[in-house]
file run14.cif (mmCIF, C-alpha atoms)
data_work
loop_
_atom_site.label_atom_id
_atom_site.label_comp_id
_atom_site.auth_asym_id
_atom_site.auth_seq_id
_atom_site.Cartn_x
_atom_site.Cartn_y
_atom_site.Cartn_z
CA MET A 1374 5.36 -27.23 32.95
CA ILE A 1375 7.31 -25.16 30.43
CA ARG A 1376 11.04 -25.94 30.65
CA ALA A 1377 12.34 -23.98 27.64
CA VAL A 1378 11.24 -21.29 25.20
CA ILE A 1379 11.86 -21.27 21.45
CA PHE A 1380 11.25 -18.20 19.34
CA ASP A 1381 10.85 -17.94 15.59
CA PHE A 1382 12.76 -14.99 14.13
CA ASP A 1383 11.27 -13.40 10.99
CA GLY A 1384 7.95 -11.73 11.73
CA LEU A 1385 8.10 -12.67 15.42
CA ILE A 1386 11.20 -10.95 16.78
CA VAL A 1387 11.51 -8.40 13.96
CA ASP A 1388 8.85 -7.58 11.35
CA THR A 1389 10.97 -8.61 8.39
CA GLU A 1390 7.97 -10.30 6.77
CA THR A 1391 6.27 -7.00 5.96
CA ALA A 1392 9.52 -5.67 4.53
CA ALA A 1393 9.89 -8.73 2.28
CA PHE A 1394 6.33 -8.50 0.98
CA GLU A 1395 6.57 -4.76 0.38
CA ALA A 1396 9.88 -5.16 -1.48
CA TRP A 1397 8.37 -7.69 -3.86
CA SER A 1398 5.20 -5.62 -4.18
CA ALA A 1399 7.22 -2.59 -5.30
CA ILE A 1400 9.05 -4.69 -7.91
CA TYR A 1401 5.72 -6.04 -9.20
CA ARG A 1402 4.30 -2.53 -9.51
CA GLU A 1403 7.37 -1.39 -11.43
CA HIS A 1404 6.61 -4.16 -13.93
CA GLY A 1405 2.94 -3.18 -14.18
CA ALA A 1406 1.65 -6.05 -12.05
CA GLU A 1407 0.29 -6.66 -8.55
CA LEU A 1408 1.43 -9.13 -5.92
CA LEU A 1409 -1.54 -10.39 -3.93
CA LEU A 1410 -1.01 -11.12 -0.26
CA SER A 1411 -3.06 -14.30 -0.68
CA ASP A 1412 -0.46 -15.58 -3.14
CA TRP A 1413 2.55 -14.56 -1.05
CA VAL A 1414 1.50 -15.72 2.41
CA SER A 1415 1.87 -19.43 1.62
CA CYS A 1416 5.66 -19.09 1.65
CA VAL A 1417 5.95 -17.17 4.92
CA GLY A 1418 8.00 -19.11 7.44
CA ALA A 1419 8.87 -21.91 5.02
CA ALA A 1420 12.38 -23.00 4.09
CA ASP A 1421 11.46 -24.06 0.57
CA MET A 1422 9.34 -21.44 -1.09
CA PRO A 1423 6.11 -22.98 -2.48
CA PHE A 1424 5.56 -19.67 -4.29
CA ASP A 1425 8.11 -18.40 -6.83
CA ALA A 1426 7.69 -14.63 -6.95
CA VAL A 1427 9.79 -14.17 -10.09
CA ALA A 1428 8.12 -16.98 -12.03
CA HIS A 1429 4.72 -15.64 -11.01
CA LEU A 1430 5.62 -12.11 -12.13
CA ALA A 1431 6.98 -13.41 -15.45
CA LYS A 1432 3.71 -15.23 -16.02
CA LEU A 1433 1.68 -12.11 -15.22
CA ILE A 1434 3.60 -9.87 -17.65
CA GLY A 1435 4.14 -12.53 -20.30
CA ARG A 1436 7.91 -12.40 -20.65
CA PRO A 1437 10.97 -13.99 -19.02
CA LEU A 1438 12.83 -12.23 -16.22
CA ASP A 1439 16.28 -12.45 -14.67
CA LYS A 1440 15.59 -14.29 -11.41
CA ALA A 1441 19.00 -13.64 -9.86
CA GLN A 1442 18.83 -9.94 -10.59
CA LEU A 1443 15.31 -9.46 -9.27
CA THR A 1444 15.99 -11.54 -6.16
CA ALA A 1445 19.09 -9.46 -5.41
CA ASP A 1446 17.02 -6.30 -5.93
CA LYS A 1447 14.42 -7.59 -3.46
CA GLU A 1448 17.06 -8.50 -0.89
CA ALA A 1449 18.64 -5.04 -1.12
CA ARG A 1450 15.27 -3.31 -0.65
CA LYS A 1451 14.38 -5.60 2.24
CA ALA A 1452 17.73 -5.10 3.98
CA ALA A 1453 17.49 -1.32 3.65
CA VAL A 1454 14.33 -1.44 5.76
CA CYS A 1455 15.18 -4.29 8.12
CA ASP A 1456 18.60 -2.95 9.11
CA SER A 1457 16.93 -0.28 11.25
CA LEU A 1458 13.91 -2.19 12.56
CA PRO A 1459 13.52 -2.58 16.35
CA PRO A 1460 12.31 -5.74 18.07
CA LEU A 1461 8.56 -6.18 17.98
CA PRO A 1462 6.59 -5.31 21.14
CA GLY A 1463 7.15 -7.68 24.04
CA VAL A 1464 10.16 -9.53 22.62
CA LEU A 1465 12.64 -8.24 25.17
CA ASP A 1466 10.06 -8.52 27.96
CA ARG A 1467 9.50 -12.21 27.24
CA MET A 1468 13.22 -12.91 27.08
CA ILE A 1469 13.76 -11.16 30.41
CA GLU A 1470 10.84 -13.09 31.90
CA ALA A 1471 12.23 -16.41 30.63
CA GLU A 1472 15.61 -15.57 32.17
CA ALA A 1473 13.93 -14.73 35.49
CA LEU A 1474 12.11 -18.07 35.38
CA GLY A 1475 15.37 -19.92 34.65
CA LEU A 1476 14.15 -21.10 31.25
CA PRO A 1477 16.75 -21.58 28.50
CA MET A 1478 15.91 -19.94 25.17
CA ALA A 1479 16.59 -20.61 21.51
CA VAL A 1480 15.68 -19.15 18.15
CA ALA A 1481 14.62 -21.59 15.42
CA SER A 1482 14.37 -20.00 11.98
CA SER A 1483 14.06 -21.06 8.35
CA SER A 1484 16.34 -18.15 7.40
CA THR A 1485 20.13 -18.27 7.06
CA ALA A 1486 22.46 -18.03 10.03
CA ASP A 1487 24.04 -14.82 8.71
CA TRP A 1488 20.64 -13.13 8.51
CA VAL A 1489 19.40 -14.28 11.91
CA HIS A 1490 22.66 -13.80 13.81
CA GLY A 1491 23.29 -10.42 12.22
CA HIS A 1492 19.99 -9.03 13.43
CA LEU A 1493 20.13 -10.69 16.85
CA ASP A 1494 23.60 -9.19 17.37
CA ARG A 1495 22.41 -5.79 16.11
CA LEU A 1496 19.59 -5.84 18.64
CA GLY A 1497 21.72 -7.18 21.49
CA LEU A 1498 19.51 -10.25 21.88
CA ARG A 1499 21.76 -13.12 20.84
CA SER A 1500 23.61 -13.23 24.16
CA ARG A 1501 20.31 -14.02 25.92
CA LEU A 1502 19.91 -17.23 23.92
CA LYS A 1503 21.48 -20.59 24.68
CA LEU A 1504 21.51 -21.45 20.96
CA THR A 1505 20.06 -20.82 17.54
CA ARG A 1506 18.96 -23.21 14.84
CA THR A 1507 18.78 -21.94 11.27
CA ARG A 1508 18.35 -23.24 7.73
CA GLY A 1509 21.81 -24.77 7.48
CA ASP A 1510 21.51 -26.77 10.71
CA VAL A 1511 18.87 -29.23 9.48
CA THR A 1512 18.00 -31.17 6.34
CA ARG A 1513 14.41 -29.99 6.27
CA GLY A 1514 13.12 -26.58 7.31
CA LYS A 1515 9.61 -25.55 8.31
CA PRO A 1516 6.87 -26.76 7.96
CA HIS A 1517 8.83 -29.91 8.90
CA PRO A 1518 9.58 -30.29 12.64
CA ASP A 1519 13.37 -30.61 12.33
CA LEU A 1520 14.32 -27.10 13.48
CA PHE A 1521 12.27 -27.35 16.65
CA LEU A 1522 13.39 -30.90 17.40
CA SER A 1523 17.01 -29.82 16.98
CA ALA A 1524 16.50 -26.76 19.17
CA ALA A 1525 14.85 -28.80 21.92
CA ALA A 1526 17.67 -31.35 21.81
CA GLY A 1527 20.25 -28.57 22.04
CA LEU A 1528 18.43 -27.10 25.02
CA GLY A 1529 18.37 -30.54 26.66
CA VAL A 1530 14.60 -30.71 27.05
CA ASP A 1531 11.73 -32.82 25.76
CA PRO A 1532 9.96 -31.00 22.89
CA ARG A 1533 6.69 -31.47 24.76
CA SER A 1534 7.98 -29.19 27.52
CA CYS A 1535 8.89 -26.37 25.10
CA ALA A 1536 6.83 -23.27 24.48
CA VAL A 1537 7.26 -22.10 20.90
CA PHE A 1538 6.32 -18.62 19.75
CA GLU A 1539 5.53 -18.34 16.04
CA ASP A 1540 3.90 -15.95 13.58
CA SER A 1541 3.14 -18.16 10.56
CA ALA A 1542 1.04 -21.17 9.60
CA ASN A 1543 4.16 -22.98 8.38
CA GLY A 1544 5.86 -22.36 11.71
CA LEU A 1545 2.80 -23.56 13.61
CA LYS A 1546 2.72 -26.78 11.56
CA ALA A 1547 6.39 -27.38 12.30
CA ALA A 1548 6.02 -26.74 16.01
CA LYS A 1549 3.00 -28.99 16.41
CA ALA A 1550 4.67 -31.73 14.34
CA ALA A 1551 7.59 -31.53 16.80
CA GLY A 1552 5.18 -32.04 19.70
CA THR A 1553 5.66 -28.62 21.27
CA ARG A 1554 3.16 -26.15 22.57
CA CYS A 1555 2.85 -23.34 20.06
CA TYR A 1556 1.58 -19.82 20.70
CA VAL A 1557 1.05 -17.59 17.68
CA VAL A 1558 1.52 -13.86 17.39
CA PRO A 1559 0.37 -12.96 13.86
CA ASN A 1560 1.79 -9.97 12.01
CA ARG A 1561 0.36 -7.83 9.20
CA ILE A 1562 1.23 -10.50 6.64
CA THR A 1563 0.05 -13.62 8.47
CA VAL A 1564 -2.95 -12.30 10.38
CA GLY A 1565 -5.45 -13.95 8.02
CA SER A 1566 -3.90 -17.44 8.26
CA ASP A 1567 -5.48 -20.46 9.93
CA PHE A 1568 -4.17 -20.76 13.48
CA THR A 1569 -6.86 -23.03 14.92
CA ALA A 1570 -4.22 -25.62 15.90
CA ALA A 1571 -2.35 -23.10 18.10
CA ASP A 1572 -2.36 -23.38 21.88
CA GLY A 1573 -3.01 -19.64 22.02
CA VAL A 1574 -3.12 -16.61 19.74
CA PHE A 1575 -2.02 -13.17 20.93
CA GLY A 1576 -1.90 -9.69 19.47
CA SER A 1577 1.73 -9.23 20.53
CA LEU A 1578 4.31 -10.77 22.83
CA ALA A 1579 3.56 -7.90 25.19
CA GLU A 1580 0.22 -9.62 25.91
CA VAL A 1581 1.83 -12.93 26.90
CA SER A 1582 2.97 -14.18 30.31
CA ILE A 1583 5.19 -17.25 30.14
CA ALA A 1584 4.52 -17.88 33.81
CA ALA A 1585 0.77 -17.90 33.14
CA LEU A 1586 1.17 -20.16 30.11
CA SER A 1587 3.15 -22.61 32.19
CA GLY A 1588 0.22 -22.91 34.56
CA GLY A 1589 -2.57 -22.83 31.97
CA SER A 1590 -3.52 -23.24 28.34
CA GLY A 1591 -3.27 -19.64 27.07
CA SER A 1592 -6.17 -17.80 25.49
#
call {"tool": "encode", "arguments": {"input": "run14.cif", "output": "structure tokens"}}
result
Amino acid sequence: MIRAVIFDFDGLIVDTETAAFEAWSAIYREHGAELLLSDWVSCVGAADMPFDAVAHLAKLIGRPLDKAQLTADKEARKAAVCDSLPPLPGVLDRMIEAEALGLPMAVASSSTADWVHGHLDRLGLRSRLKLTRTRGDVTRGKPHPDLFLSAAAGLGVDPRSCAVFEDSANGLKAAKAAGTRCYVVPNRITVGSDFTAADGVFGSLAEVSIAALSGGSGS
């Protein structure tokens, strides 16, 4: 029986992952290089980036770059897109369904609290959640289980009774390490990742029924 629902944020509630990749891709092109999705996707959903976009670009073009300046440029480009993005399909439906079922909800994200809370407030979704857990709330982010364990504890439920919705391989690893059920909704950036460990994979949250998942194994 599902007793609580935990959502990832980036790429699951709002498609910020595409915006991040496209911002870096534009910067690479301006420097005469190309950012491959296969290189970038390893860092999606992770707290500590295993892929350094600036170092990789510097290596490709053969000269040093100002990391702080380029990172700020990327953040500005990303924010310009993300600040007007709507929730992805089915997000509000699943939150309304969870409320109707009496299931408490949380968001667990490797991003900063300012980023997550700002967008949840902008979309009017934060008030539907019992709590959020973000990068600053735990010592280790995804793919470690800490965010999901902390969220489950805050919700007052056993992690094994939580349904987690994720979009990335790093998020899936974290959720399964925490002992939760994990259902994956890939986005344009993560669709080619390995999700064989997931309890179910769906095209969007609009395709999911929490009530059905509570009584079965997903599909």
call {"tool": "resolve_selection", "arguments": {"input": "run14.cif", "expression": "the PyMOL selection byres ((chain A and resi 1379) around 8)", "output": "CSV table (one decimal) with C-alpha atoms, keeping the file's coordinate frame"}}
result
chain,number,residue,atom,x,y,z
A,1377,ALA,CA,12.3,-24.0,27.6
A,1378,VAL,CA,11.2,-21.3,25.2
A,1380,PHE,CA,11.2,-18.2,19.3
A,1381,ASP,CA,10.8,-17.9,15.6
A,1478,MET,CA,15.9,-19.9,25.2
A,1479,ALA,CA,16.6,-20.6,21.5
A,1480,VAL,CA,15.7,-19.2,18.2
A,1481,ALA,CA,14.6,-21.6,15.4
A,1521,PHE,CA,12.3,-27.4,16.6
A,1524,ALA,CA,16.5,-26.8,19.2
A,1535,CYS,CA,8.9,-26.4,25.1
A,1536,ALA,CA,6.8,-23.3,24.5
A,1537,VAL,CA,7.3,-22.1,20.9
A,1538,PHE,CA,6.3,-18.6,19.8
call {"tool": "atom_distance", "arguments": {"input": "run14.cif", "atom1": "atom CA of A:Ser1411", "atom2": "atom CA of A:Gly1384"}}
result
16.8 Å
call {"tool": "resolve_selection", "arguments": {"input": "run14.cif", "expression": "the PyMOL selection byres ((chain A and resi 1463) around 9)", "output": "list of chain:residue names"}}
result
A:Ile1386, A:Pro1460, A:Leu1461, A:Pro1462, A:Val1464, A:Leu1465, A:Asp1466, A:Arg1467, A:Met1468, A:Ser1577, A:Leu1578, A:Ala1579, A:Glu1580, A:Val1581
call {"tool": "residues_around", "arguments": {"input": "run14.cif", "residues": "A:Arg1376", "least_positions_apart": "2", "cutoff": "10 Å", "atoms": "all atoms listed in the file", "output": "list in words"}}
result
Met1374, Val1378, Ala1471, Leu1474, Gly1475, Leu1476, Pro1477, Met1478, Ala1525, Leu1528, Gly1529, Val1530, Asp1531, Pro1532, Arg1533, Ser1534, Cys1535, Ala1536 and Ser1587 of chain A
call {"tool": "closest_residue", "arguments": {"input": "run14.cif", "among": "A:Leu1493, A:Val1454, A:Ala1550, A:Leu1545", "to": "A:Ala1571", "atoms": "all atoms listed in the file"}}
result
A:Leu1545
call {"tool": "resolve_selection", "arguments": {"input": "run14.cif", "expression": "the PyMOL selection byres ((chain A and resi 1517) around 12)", "output": "ChimeraX atom specification"}}
result
/A:1418-1421,1482-1483,1508,1511-1516,1518-1523,1542-1552
call {"tool": "decode", "arguments": {"input": "run14.cif", "residues": "stretch 1387-1399 of chain A", "atoms": "C-alpha atoms", "output": "compact mmCIF listing (two decimals), in the first residue's frame"}}
result
# COMPACT_ATOMS: atom_id res chain seq x y z
CA VAL A 1387 9.09 21.24 -14.82
CA ASP A 1388 11.30 20.48 -17.83
CA THR A 1389 14.28 22.44 -16.56
CA GLU A 1390 16.64 19.70 -17.72
CA THR A 1391 16.13 20.50 -21.40
CA ALA A 1392 16.67 24.19 -20.66
CA ALA A 1393 19.95 23.45 -18.87
CA PHE A 1394 21.27 21.26 -21.67
CA GLU A 1395 20.26 23.74 -24.37
CA ALA A 1396 21.90 26.62 -22.47
CA TRP A 1397 25.20 24.78 -22.29
CA SER A 1398 24.84 23.62 -25.90
CA ALA A 1399 24.48 27.23 -27.08
